[in-house]
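query12.tsv, holding TSV, C-alpha atoms and all ligand atoms:
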```
chain	number	residue	atom	x	y	z
A	9	MET	CA	81.75	149.14	34.89
A	10	GLN	CA	78.18	148.70	36.11
A	11	SER	CA	75.66	147.56	33.54
A	12	PHE	CA	74.79	150.29	31.09
A	13	GLU	CA	71.04	150.00	31.78
A	14	THR	CA	71.54	150.33	35.56
A	15	LEU	CA	73.58	153.47	35.08
A	16	LYS	CA	70.91	154.98	32.82
A	17	SER	CA	68.49	155.00	35.75
A	18	PRO	CA	68.06	158.35	37.49
A	19	ASN	CA	68.02	156.41	40.77
A	20	ILE	CA	70.95	155.44	42.92
A	21	SER	CA	70.99	153.28	46.05
A	22	PHE	CA	70.47	155.14	49.30
A	23	ILE	CA	71.07	153.75	52.78
A	24	SER	CA	69.27	155.93	55.30
A	25	VAL	CA	69.89	155.80	59.04
A	26	SER	CA	66.70	153.73	59.45
A	27	GLN	CA	67.89	151.24	56.86
A	28	MET	CA	71.38	151.05	58.36
A	29	LEU	CA	69.81	150.29	61.74
A	30	GLY	CA	67.53	147.73	60.07
A	31	LEU	CA	70.54	146.02	58.49
A	32	ILE	CA	72.34	145.91	61.85
A	33	ARG	CA	69.24	144.42	63.51
A	34	SER	CA	68.89	141.82	60.73
A	35	TYR	CA	72.51	140.74	60.45
A	36	GLY	CA	74.00	141.73	63.84
A	37	ALA	CA	76.75	144.31	64.33
A	38	GLU	CA	79.29	141.49	64.83
A	39	HIS	CA	78.51	139.97	61.43
A	40	LEU	CA	78.71	143.32	59.62
A	41	ILE	CA	81.96	144.31	61.38
A	42	ALA	CA	83.50	140.96	60.38
A	43	GLY	CA	82.32	141.49	56.79
A	44	ILE	CA	83.81	145.00	56.64
A	45	ALA	CA	87.06	143.71	58.17
A	46	ASP	CA	87.27	141.13	55.41
A	47	TYR	CA	86.81	143.80	52.69
A	48	LEU	CA	89.33	146.04	54.51
A	49	GLU	CA	91.95	143.33	54.43
A	50	GLN	CA	91.32	142.77	50.70
A	51	ASP	CA	91.65	146.51	49.99
A	52	TYR	CA	94.76	146.97	52.16
A	53	LYS	CA	96.33	144.09	50.18
A	54	ARG	CA	95.79	146.04	46.94
A	55	TRP	CA	96.93	149.33	48.52
A	56	LEU	CA	99.24	150.15	45.62
A	57	ASP	CA	96.24	150.28	43.21
A	58	PHE	CA	94.72	153.27	45.01
A	59	ASP	CA	95.20	157.00	44.41
A	60	LYS	CA	95.81	158.28	47.94
A	61	SER	CA	96.11	161.68	49.58
A	62	PRO	CA	95.80	163.04	53.11
A	63	ARG	CA	92.23	164.14	53.73
A	64	PHE	CA	91.10	167.74	53.29
A	65	ALA	CA	90.49	169.27	56.74
A	66	ALA	CA	88.79	172.60	57.49
A	67	HIS	CA	89.66	173.45	61.10
A	68	SER	CA	87.75	175.80	63.39
A	69	PRO	CA	88.32	176.56	67.09
A	70	GLU	CA	85.86	173.84	68.20
A	71	GLY	CA	86.33	171.16	65.56
A	72	VAL	CA	87.06	170.01	62.06
A	73	ILE	CA	85.14	169.16	58.88
A	74	GLU	CA	86.90	166.69	56.60
A	75	LEU	CA	86.52	165.27	53.10
A	76	MET	CA	88.06	161.85	52.54
A	77	PRO	CA	88.39	160.83	48.87
A	78	ILE	CA	90.04	157.72	47.41
A	79	GLY	CA	89.76	155.63	44.26
A	80	ASN	CA	91.20	152.76	42.26
A	81	HIS	CA	90.41	151.61	38.72
A	82	GLU	CA	87.02	150.19	39.80
A	83	LYS	CA	85.41	152.47	42.32
A	84	PHE	CA	85.80	155.91	43.88
A	85	SER	CA	84.49	157.00	47.27
A	86	PHE	CA	84.46	160.00	49.52
A	87	LYS	CA	83.17	160.72	53.00
A	88	TYR	CA	82.10	163.97	54.62
A	89	VAL	CA	82.81	163.78	58.35
A	90	ASN	CA	83.08	166.22	61.23
A	91	GLY	CA	84.77	166.04	64.63
A	92	HIS	CA	83.48	168.46	67.29
A	93	PRO	CA	84.27	167.18	70.81
A	94	LYS	CA	82.25	169.88	72.60
A	95	ASN	CA	79.08	169.05	70.64
A	96	THR	CA	77.99	166.49	73.26
A	97	GLN	CA	77.64	169.30	75.83
A	98	ILE	CA	74.76	170.72	73.75
A	99	GLY	CA	73.20	167.37	72.89
A	100	LEU	CA	74.88	166.98	69.50
A	101	GLN	CA	77.22	164.20	68.40
A	102	THR	CA	81.00	164.59	68.14
A	103	VAL	CA	81.09	162.78	64.78
A	104	THR	CA	78.50	162.75	61.94
A	105	ALA	CA	79.12	161.55	58.40
A	106	PHE	CA	77.77	160.52	55.02
A	107	GLY	CA	79.48	159.12	51.94
A	108	VAL	CA	79.25	158.25	48.26
A	109	LEU	CA	80.50	155.27	46.23
A	110	SER	CA	80.92	155.74	42.45
A	111	ASP	CA	81.62	153.73	39.31
A	112	VAL	CA	85.00	154.86	37.98
A	113	GLU	CA	84.56	153.99	34.32
A	114	SER	CA	81.42	156.11	33.83
A	115	GLY	CA	82.03	158.45	36.78
A	116	TYR	CA	78.41	157.89	37.87
A	117	PRO	CA	77.57	157.72	41.59
A	118	LEU	CA	76.15	154.33	42.63
A	119	MET	CA	75.26	154.77	46.29
A	120	LEU	CA	74.78	157.47	48.89
A	121	SER	CA	74.88	156.28	52.49
A	122	GLU	CA	74.57	157.59	55.98
A	123	MET	CA	77.99	157.10	57.55
A	124	THR	CA	77.61	158.21	61.16
A	125	ILE	CA	76.84	154.63	62.15
A	126	LEU	CA	78.88	153.17	59.31
A	127	THR	CA	81.96	155.11	60.51
A	128	ALA	CA	81.60	153.52	63.95
A	129	LEU	CA	81.32	150.05	62.33
A	130	ARG	CA	84.29	150.64	60.01
A	131	THR	CA	86.49	152.19	62.70
A	132	ALA	CA	85.82	149.22	64.94
A	133	ALA	CA	86.48	146.79	62.08
A	134	THR	CA	89.73	148.63	61.28
A	135	SER	CA	90.97	148.62	64.89
A	136	ALA	CA	90.28	144.91	65.34
A	137	MET	CA	91.65	143.94	61.91
A	138	MET	CA	94.90	145.80	62.65
A	139	ALA	CA	95.06	144.23	66.12
A	140	LYS	CA	95.02	140.75	64.55
A	141	TYR	CA	98.55	141.58	63.34
A	142	LEU	CA	99.70	143.57	66.38
A	143	ALA	CA	98.05	142.36	69.60
A	144	PRO	CA	99.59	139.74	71.89
A	145	LYS	CA	98.51	136.18	71.13
A	146	ASN	CA	95.52	134.99	73.16
A	147	ALA	CA	94.68	138.49	74.35
A	148	LYS	CA	91.59	138.27	76.56
A	149	THR	CA	91.30	141.65	78.32
A	150	MET	CA	90.91	145.10	76.80
A	151	ALA	CA	90.88	148.47	78.55
A	152	MET	CA	88.51	150.93	76.89
A	153	ILE	CA	89.32	154.57	77.72
A	154	GLY	CA	86.57	156.86	76.45
A	155	CYS	CA	83.06	155.39	76.52
A	156	GLY	CA	81.35	157.60	73.95
A	157	ALA	CA	79.65	156.86	70.63
A	158	GLN	CA	82.42	154.65	69.20
A	159	SER	CA	83.06	152.57	72.31
A	160	GLU	CA	80.50	149.73	72.11
A	161	PHE	CA	81.36	149.20	68.43
A	162	GLN	CA	85.04	148.88	69.37
A	163	VAL	CA	84.24	146.35	72.09
A	164	THR	CA	81.96	144.37	69.75
A	165	ALA	CA	84.72	144.19	67.12
A	166	PHE	CA	87.42	143.05	69.54
A	167	ASN	CA	85.08	140.48	71.04
A	168	LYS	CA	84.16	139.09	67.61
A	169	LEU	CA	87.53	139.22	65.82
A	170	LEU	CA	90.00	138.70	68.68
A	171	GLY	CA	87.95	136.85	71.27
A	172	ILE	CA	88.29	139.59	73.92
A	173	SER	CA	86.09	138.43	76.81
A	174	GLU	CA	86.81	141.03	79.53
A	175	ILE	CA	86.40	144.77	79.08
A	176	ARG	CA	87.66	147.31	81.59
A	177	LEU	CA	85.94	150.68	81.14
A	178	PHE	CA	87.00	154.20	82.08
A	179	ASP	CA	85.59	157.60	81.14
A	180	ILE	CA	85.86	160.92	82.98
A	181	ASP	CA	82.07	161.06	82.66
A	182	SER	CA	80.52	158.26	84.76
A	183	ASN	CA	77.25	158.53	82.77
A	184	ALA	CA	79.11	157.59	79.58
A	185	MET	CA	80.65	154.60	81.36
A	186	SER	CA	77.25	153.40	82.68
A	187	LYS	CA	75.69	153.83	79.21
A	188	CYS	CA	78.46	151.73	77.68
A	189	ALA	CA	78.17	149.00	80.34
A	190	LYS	CA	74.38	148.90	79.88
A	191	ASN	CA	74.65	148.60	76.09
A	192	LEU	CA	77.14	145.74	76.46
A	193	ALA	CA	75.14	143.80	79.07
A	194	ASN	CA	73.86	140.43	77.71
A	195	LYS	CA	76.80	140.22	75.25
A	196	ASN	CA	78.61	137.58	77.28
A	197	ILE	CA	81.48	139.96	78.00
A	198	ASN	CA	82.75	140.48	81.54
A	199	ILE	CA	82.62	144.21	82.29
A	200	VAL	CA	84.69	145.99	84.93
A	201	MET	CA	84.15	149.71	85.60
A	202	CYS	CA	87.20	151.64	86.80
A	203	ASP	CA	87.83	154.99	88.47
A	204	SER	CA	90.94	156.15	86.62
A	205	ALA	CA	93.06	155.57	83.55
A	206	ALA	CA	95.82	154.16	85.78
A	207	GLU	CA	93.39	151.58	87.21
A	208	VAL	CA	91.72	150.62	83.91
A	209	VAL	CA	94.94	149.54	82.20
A	210	LYS	CA	95.88	147.08	84.97
A	211	GLY	CA	96.06	143.56	83.51
A	212	ALA	CA	94.91	144.67	80.04
A	213	ASP	CA	96.44	142.94	76.99
A	214	ILE	CA	95.05	145.64	74.70
A	215	ILE	CA	94.36	149.30	75.54
A	216	THR	CA	92.00	151.29	73.33
A	217	THR	CA	92.05	155.07	73.73
A	218	CYS	CA	88.98	156.64	72.13
A	219	THR	CA	88.55	159.99	73.88
A	220	ALA	CA	87.43	163.28	72.39
A	221	ASP	CA	89.05	166.54	73.44
A	222	LYS	CA	90.49	169.13	71.08
A	223	LYS	CA	93.80	169.46	72.86
A	224	ASN	CA	97.11	167.69	73.36
A	225	ALA	CA	95.79	165.43	76.12
A	226	THR	CA	97.88	162.81	77.89
A	227	ILE	CA	95.53	159.93	78.57
A	228	LEU	CA	98.34	157.37	78.83
A	229	THR	CA	101.87	157.93	80.13
A	230	SER	CA	104.75	155.52	79.71
A	231	ASP	CA	104.81	154.41	83.36
A	232	MET	CA	101.17	153.22	83.08
A	233	VAL	CA	101.86	150.73	80.27
A	234	PRO	CA	103.87	147.50	80.75
A	235	ALA	CA	105.78	145.72	77.99
A	236	GLY	CA	103.88	143.36	75.72
A	237	VAL	CA	100.70	145.42	75.45
A	238	HIS	CA	99.03	146.58	72.22
A	239	ILE	CA	97.63	150.13	72.21
A	240	ASN	CA	94.84	150.91	69.77
A	241	ALA	CA	94.97	154.74	69.89
A	242	ILE	CA	92.17	156.19	67.77
A	243	GLY	CA	91.02	159.39	69.50
A	244	GLY	CA	94.07	161.50	68.59
A	245	ASP	CA	93.20	162.33	65.01
A	246	CYS	CA	93.80	166.04	64.39
A	247	PRO	CA	96.64	168.53	64.68
A	248	GLY	CA	96.75	169.55	68.36
A	249	LYS	CA	94.54	166.57	69.43
A	250	THR	CA	96.52	163.69	70.93
A	251	GLU	CA	96.19	161.04	73.65
A	252	LEU	CA	99.59	159.42	74.29
A	253	SER	CA	102.68	160.84	75.99
A	254	LYS	CA	105.75	161.36	73.85
A	255	SER	CA	107.84	159.02	76.03
A	256	LEU	CA	105.30	156.24	75.54
A	257	LEU	CA	105.50	156.71	71.76
A	258	GLU	CA	109.30	156.63	71.92
A	259	ARG	CA	109.24	153.22	73.66
A	260	ALA	CA	106.92	151.52	71.18
A	261	ASP	CA	106.86	150.12	67.65
A	262	ILE	CA	104.35	152.33	65.86
A	263	PHE	CA	102.03	151.29	63.05
A	264	VAL	CA	99.98	153.70	60.96
A	265	GLU	CA	97.51	153.75	58.06
A	266	PHE	CA	98.82	156.32	55.55
A	267	GLU	CA	102.00	157.95	56.86
A	268	PRO	CA	101.61	161.38	55.15
A	269	GLN	CA	98.21	161.84	56.84
A	270	THR	CA	99.18	160.38	60.23
A	271	ARG	CA	102.26	162.63	60.47
A	272	ILE	CA	99.82	165.58	60.46
A	273	GLU	CA	96.98	164.13	62.53
A	274	GLY	CA	98.15	161.19	64.62
A	275	ASP	CA	99.83	160.97	68.01
A	276	ILE	CA	103.11	160.82	66.07
A	277	GLN	CA	102.71	164.55	65.35
A	278	GLN	CA	104.71	164.79	68.62
A	279	LEU	CA	107.70	162.93	67.11
A	280	PRO	CA	110.31	164.09	64.60
A	281	ALA	CA	109.20	163.66	60.97
A	282	GLN	CA	111.87	161.02	60.33
A	283	SER	CA	110.91	158.82	63.32
A	284	MET	CA	110.35	155.16	62.45
A	285	VAL	CA	106.77	154.05	61.72
A	286	THR	CA	105.39	151.16	59.65
A	287	GLU	CA	102.44	151.51	57.29
A	288	MET	CA	99.99	148.69	57.95
A	289	TYR	CA	99.53	147.74	54.29
A	290	ARG	CA	103.10	146.41	54.35
A	291	VAL	CA	102.33	144.21	57.35
A	292	ILE	CA	99.06	142.98	55.82
A	293	ARG	CA	100.82	142.19	52.52
A	294	GLY	CA	103.50	140.25	54.42
A	295	GLU	CA	106.31	142.69	53.51
A	296	CYS	CA	106.98	143.68	57.15
A	297	SER	CA	106.42	142.12	60.54
A	298	GLY	CA	103.68	143.15	62.91
A	299	ARG	CA	104.20	141.79	66.42
A	300	THR	CA	107.46	139.89	66.66
A	301	SER	CA	107.77	139.08	70.39
A	302	ASP	CA	105.72	138.78	73.58
A	303	ALA	CA	107.54	141.75	75.12
A	304	GLN	CA	107.00	144.12	72.21
A	305	LEU	CA	104.95	147.24	72.90
A	306	THR	CA	102.91	148.01	69.78
A	307	ILE	CA	100.83	151.09	68.99
A	308	PHE	CA	98.30	151.43	66.19
A	309	ASP	CA	98.14	155.23	65.77
A	310	GLY	CA	94.79	155.18	63.95
A	311	VAL	CA	93.40	158.40	62.53
A	312	GLY	CA	90.94	156.93	60.03
A	313	PHE	CA	91.94	156.71	56.37
A	314	ALA	CA	89.75	156.96	53.26
A	315	ILE	CA	90.40	153.37	52.14
A	316	GLU	CA	88.44	152.22	55.22
A	317	ASP	CA	85.38	154.17	54.08
A	318	TYR	CA	85.83	152.78	50.57
A	319	SER	CA	85.87	149.21	51.95
A	320	ALA	CA	82.86	149.85	54.18
A	321	LEU	CA	80.84	151.42	51.35
A	322	ARG	CA	81.89	148.65	48.95
A	323	TYR	CA	80.79	146.02	51.48
A	324	PHE	CA	77.39	147.64	52.01
A	325	TYR	CA	76.89	148.24	48.28
A	326	ASP	CA	77.45	144.54	47.62
A	327	LEU	CA	75.15	143.62	50.52
A	328	VAL	CA	72.20	145.82	49.53
A	329	SER	CA	72.63	145.05	45.83
A	330	LYS	CA	71.98	141.40	46.72
A	331	ASN	CA	69.13	141.84	49.18
A	332	GLY	CA	67.53	145.12	48.01
A	333	GLN	CA	67.49	146.49	51.57
A	334	CYS	CA	67.93	150.11	50.61
A	335	GLN	CA	65.98	152.92	49.03
A	336	ALA	CA	66.32	154.40	45.61
A	337	ILE	CA	66.71	158.13	45.36
A	338	GLU	CA	66.46	160.17	42.21
A	339	LEU	CA	69.87	161.84	42.21
A	340	LEU	CA	70.76	161.93	38.54
A	341	ALA	CA	69.20	163.81	35.68
A	342	SER	CA	68.64	161.19	33.02
A	343	PRO	CA	67.56	162.66	29.68
A	344	GLN	CA	66.69	160.24	26.85
A	345	ASP	CA	69.20	162.14	24.71
A	346	PRO	CA	72.22	162.64	26.98
A	347	ARG	CA	73.06	165.93	25.28
A	348	ASN	CA	69.57	167.33	25.65
A	349	LEU	CA	69.71	168.24	29.34
A	350	PHE	CA	67.93	171.51	28.64
A	351	GLY	CA	65.06	169.62	27.01
A	352	LEU	CA	64.13	168.11	30.40
A	353	ILE	CA	62.82	171.52	31.46
A	354	ASP	CA	60.08	171.28	28.86
A	355	THR	CA	59.28	167.64	29.66
A	356	PRO	CA	56.29	167.98	31.98
A	357	SER	CA	56.07	164.31	33.04
A	358	ALA	CA	59.21	164.11	35.19
A	359	ALA	CA	62.41	165.92	36.04
A	360	SER	CA	64.43	163.01	34.72
A	361	GLY	CA	62.30	162.45	31.63
A	362	THR	CA	61.77	158.82	32.66
A	363	LYS	CA	58.96	157.03	34.43
A	364	ALA	CA	61.17	155.88	37.29
A	365	GLY	CA	61.68	159.48	38.29
A	366	SER	CA	57.98	160.01	38.91
A	367	ASP	CA	57.83	157.05	41.32
A	368	ILE	CA	60.53	158.34	43.53
A	369	THR	CA	58.66	160.75	45.78
A	370	GLU	CA	56.62	157.90	47.14
A	371	LYS	CA	59.77	155.81	47.59
A	372	GLU	CA	61.54	158.61	49.41
A	373	ASN	CA	58.67	158.92	51.84
A	374	ILE	CA	58.88	155.30	52.90
A	375	ALA	CA	62.00	155.66	54.96
A	376	SER	CA	62.18	152.11	56.18
A	377	ALA	CA	60.85	150.34	53.11
A	378	SER	CA	62.93	147.91	51.10
A	379	VAL	CA	62.58	148.68	47.43
A	380	GLU	CA	64.11	147.15	44.38
A	381	LEU	CA	66.23	149.57	42.42
A	382	SER	CA	64.94	150.08	38.90
B	1	LIG	N1	90.52	157.01	64.15
B	1	LIG	C1	89.33	156.98	63.61
B	1	LIG	O1	89.14	156.40	62.55
B	1	LIG	C2	88.18	157.62	64.32
B	1	LIG	C3	86.86	157.40	63.86
B	1	LIG	C4	85.81	157.95	64.59
B	1	LIG	C5	86.07	158.75	65.69
B	1	LIG	N2	87.38	158.99	66.06
B	1	LIG	C6	87.71	159.80	67.22
B	1	LIG	O2	87.42	159.01	68.35
B	1	LIG	C7	87.10	159.86	69.45
B	1	LIG	C8	85.84	159.39	70.12
B	1	LIG	O3	84.74	159.56	69.24
B	1	LIG	P1	83.26	159.41	69.80
B	1	LIG	O4	82.37	159.56	68.63
B	1	LIG	O5	83.17	158.18	70.64
B	1	LIG	O6	83.20	160.71	70.74
B	1	LIG	P2	82.24	160.99	71.99
B	1	LIG	O7	82.30	162.45	72.23
B	1	LIG	O8	80.93	160.34	71.79
B	1	LIG	O9	82.97	160.23	73.21
B	1	LIG	C9	84.22	160.60	73.71
B	1	LIG	C10	84.29	160.19	75.18
B	1	LIG	O10	85.62	160.49	75.66
B	1	LIG	C11	85.49	160.87	77.01
B	1	LIG	N3	86.71	161.55	77.44
B	1	LIG	C12	87.17	162.77	77.09
B	1	LIG	N4	88.35	163.03	77.70
B	1	LIG	C13	88.64	161.92	78.43
B	1	LIG	C14	89.73	161.56	79.29
B	1	LIG	N5	90.73	162.40	79.50
B	1	LIG	N6	89.73	160.34	79.87
B	1	LIG	C15	88.68	159.47	79.66
B	1	LIG	N7	87.62	159.77	78.89
B	1	LIG	C16	87.60	160.97	78.26
B	1	LIG	C17	84.25	161.75	77.03
B	1	LIG	O11	83.72	161.90	78.33
B	1	LIG	C18	83.33	160.98	76.08
B	1	LIG	O12	82.48	160.08	76.76
B	1	LIG	C19	87.00	161.27	68.87
B	1	LIG	O13	88.18	161.96	69.20
B	1	LIG	C20	86.88	161.05	67.39
B	1	LIG	O14	87.40	162.13	66.66
B	1	LIG	C21	88.42	158.42	65.40
```

As a first step, turn the structure in this file into structure tokens.
Ligand SMILES: NC(=O)c1ccc[n+]([C@@H]2O[C@H](COP(=O)([O-])OP(=O)(O)OC[C@H]3O[C@@H](n4cnc5c(N)ncnc54)[C@H](O)[C@@H]3O)[C@@H](O)[C@H]2O)c1
Amino acid sequence: MQSFETLKSPNISFISVSQMLGLIRSYGAEHLIAGIADYLEQDYKRWLDFDKSPRFAAHSPEGVIELMPIGNHEKFSFKYVNGHPKNTQIGLQTVTAFGVLSDVESGYPLMLSEMTILTALRTAATSAMMAKYLAPKNAKTMAMIGCGAQSEFQVTAFNKLLGISEIRLFDIDSNAMSKCAKNLANKNINIVMCDSAAEVVKGADIITTCTADKKNATILTSDMVPAGVHINAIGGDCPGKTELSKSLLERADIFVEFEPQTRIEGDIQQLPAQSMVTEMYRVIRGECSGRTSDAQLTIFDGVGFAIEDYSALRYFYDLVSKNGQCQAIELLASPQDPRNLFGLIDTPSAASGTKAGSDITEKENIASASVELS
């Protein structure tokens, strides 16, 4: 449990978009991705301690809104996230998100964070962390299919954690490809732009598919992929939204996050419910093998699971608790007498009945300021 006095404060930590960007500029995306990957590995190792369920998904014709809760005996987290592939046509993002981390013993929230950027960091950290167990040894070249919002984060993670030094890019939208190449210039990564999915996979040790289209798409067919490759398939993450052909899935050893959720949302929705897949926590805990031979074709059918948000929030909570690089927002009513909530109405000084509450408006207005939490 957090200290009693900290919990009595009406304020909780808040990481705004400006502060998230400030943290990335201070520490570097590579450093933060590596830090999240480390926390992810720790949390996957204690997988059995967590209460897990498939996420709640509200589908509409153009997209999905999801809530992703998870908890263990220490902390609880949830993320609100959407997925609307057509949004980019009207200048909106496909994915936006925010999340909360809480103290389990008191049930009090500790931190509210933007998670649009944090989701990109954590998804990249997850992909690369899983690939450490699944990709061919000494992989140097990755094909990146889909050059949207997630793509540069993916490349950064594979460069940092696996030493990928050549990236082959393909997107059906050449502007997205140019944007990605421009953002990755000066990163000491050799970039090759390609005209088709068939061309981009040539010579790749790892293939990442990260496209957005709300349909059963076939980005990769079996004939395009030689033995020995690792596929990091993360764009197929909803019922009726896939990227890989069924025959490609049937040829490969498939690894997933949380099987009950991936059966609904992953590319394996195309396979019979009893088809063989391995949950990654078993590989990470050493109970099952990941890659076992040079010729093995491996697929990480990643849909994004709540434990990854938990790890990412936990990492950032620890980081900002040490360096104070976040805001405080007055989220909690905090009456002197915990049973006298009604009495706050007649306390003219502040909504919370404490001095800290009256300072908060000024704090909230300083979006990029670093403030110590009271
Ligand atoms: N698994 C996870 O944890 C996770 C996390 C975040 C996002 N996602 C998913 O990843 C995907 C990408 O997210 P984003 O935020 O980068 O989306 P985005 O809309 O910013 O980018 C998607 C890109 O895919 C391209 N594309 C679409 N169809 C294609 C095709 N057939 N071939 C090549 N390129 C194609 C688009 O032109 C676009 O540039 C989405 O489907 C999203 O739902 C998964």

- Message: Report, in Å to a single decimal, how far apart CA of Ile32 (chain A) and atom C9 of ligand LIG 1 (chain B) are.
- Response: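 Separation of atom C9 of ligand LIG 1 (chain B) and CA of Ile32 (chain A): 22.3 Å.
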
- Item | Residue among A:Ile153, A:Ile175, A:Leu279, A:Met232 lying closest to Asn198 (chain A), counting only C-alpha atoms |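 Ranking A:Ile153, A:Ile175, A:Leu279, A:Met232 by distance to Asn198 (chain A), first place goes to A:Ile175.
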
- Message: Between atom N4 of ligand LIG 1 (chain B) and CA of Glu174 (chain A), what is the distance in Å, rounded to a tenth?
- Response: 22.1 Å

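Restricting the calculation to all atoms listed in the file, the smallest distance between ligand LIG 1 (chain B) and any of A:Lys222, A:Lys254, A:Lys140, A:Lys60 is found for A:Lys222.
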
- Message: Residues near region 320-333 of chain A, anyone? I mean within 10 Å using all atoms listed in the file, not counting same-chain ones fewer than 3 positions away, as a PyMOL selection string.
- Response: chain A and resi 21-23+27-28+30-31+40-41+43-48+83-87+107-110+118-123+126-127+129-131+133-134+314-317+336+376-381
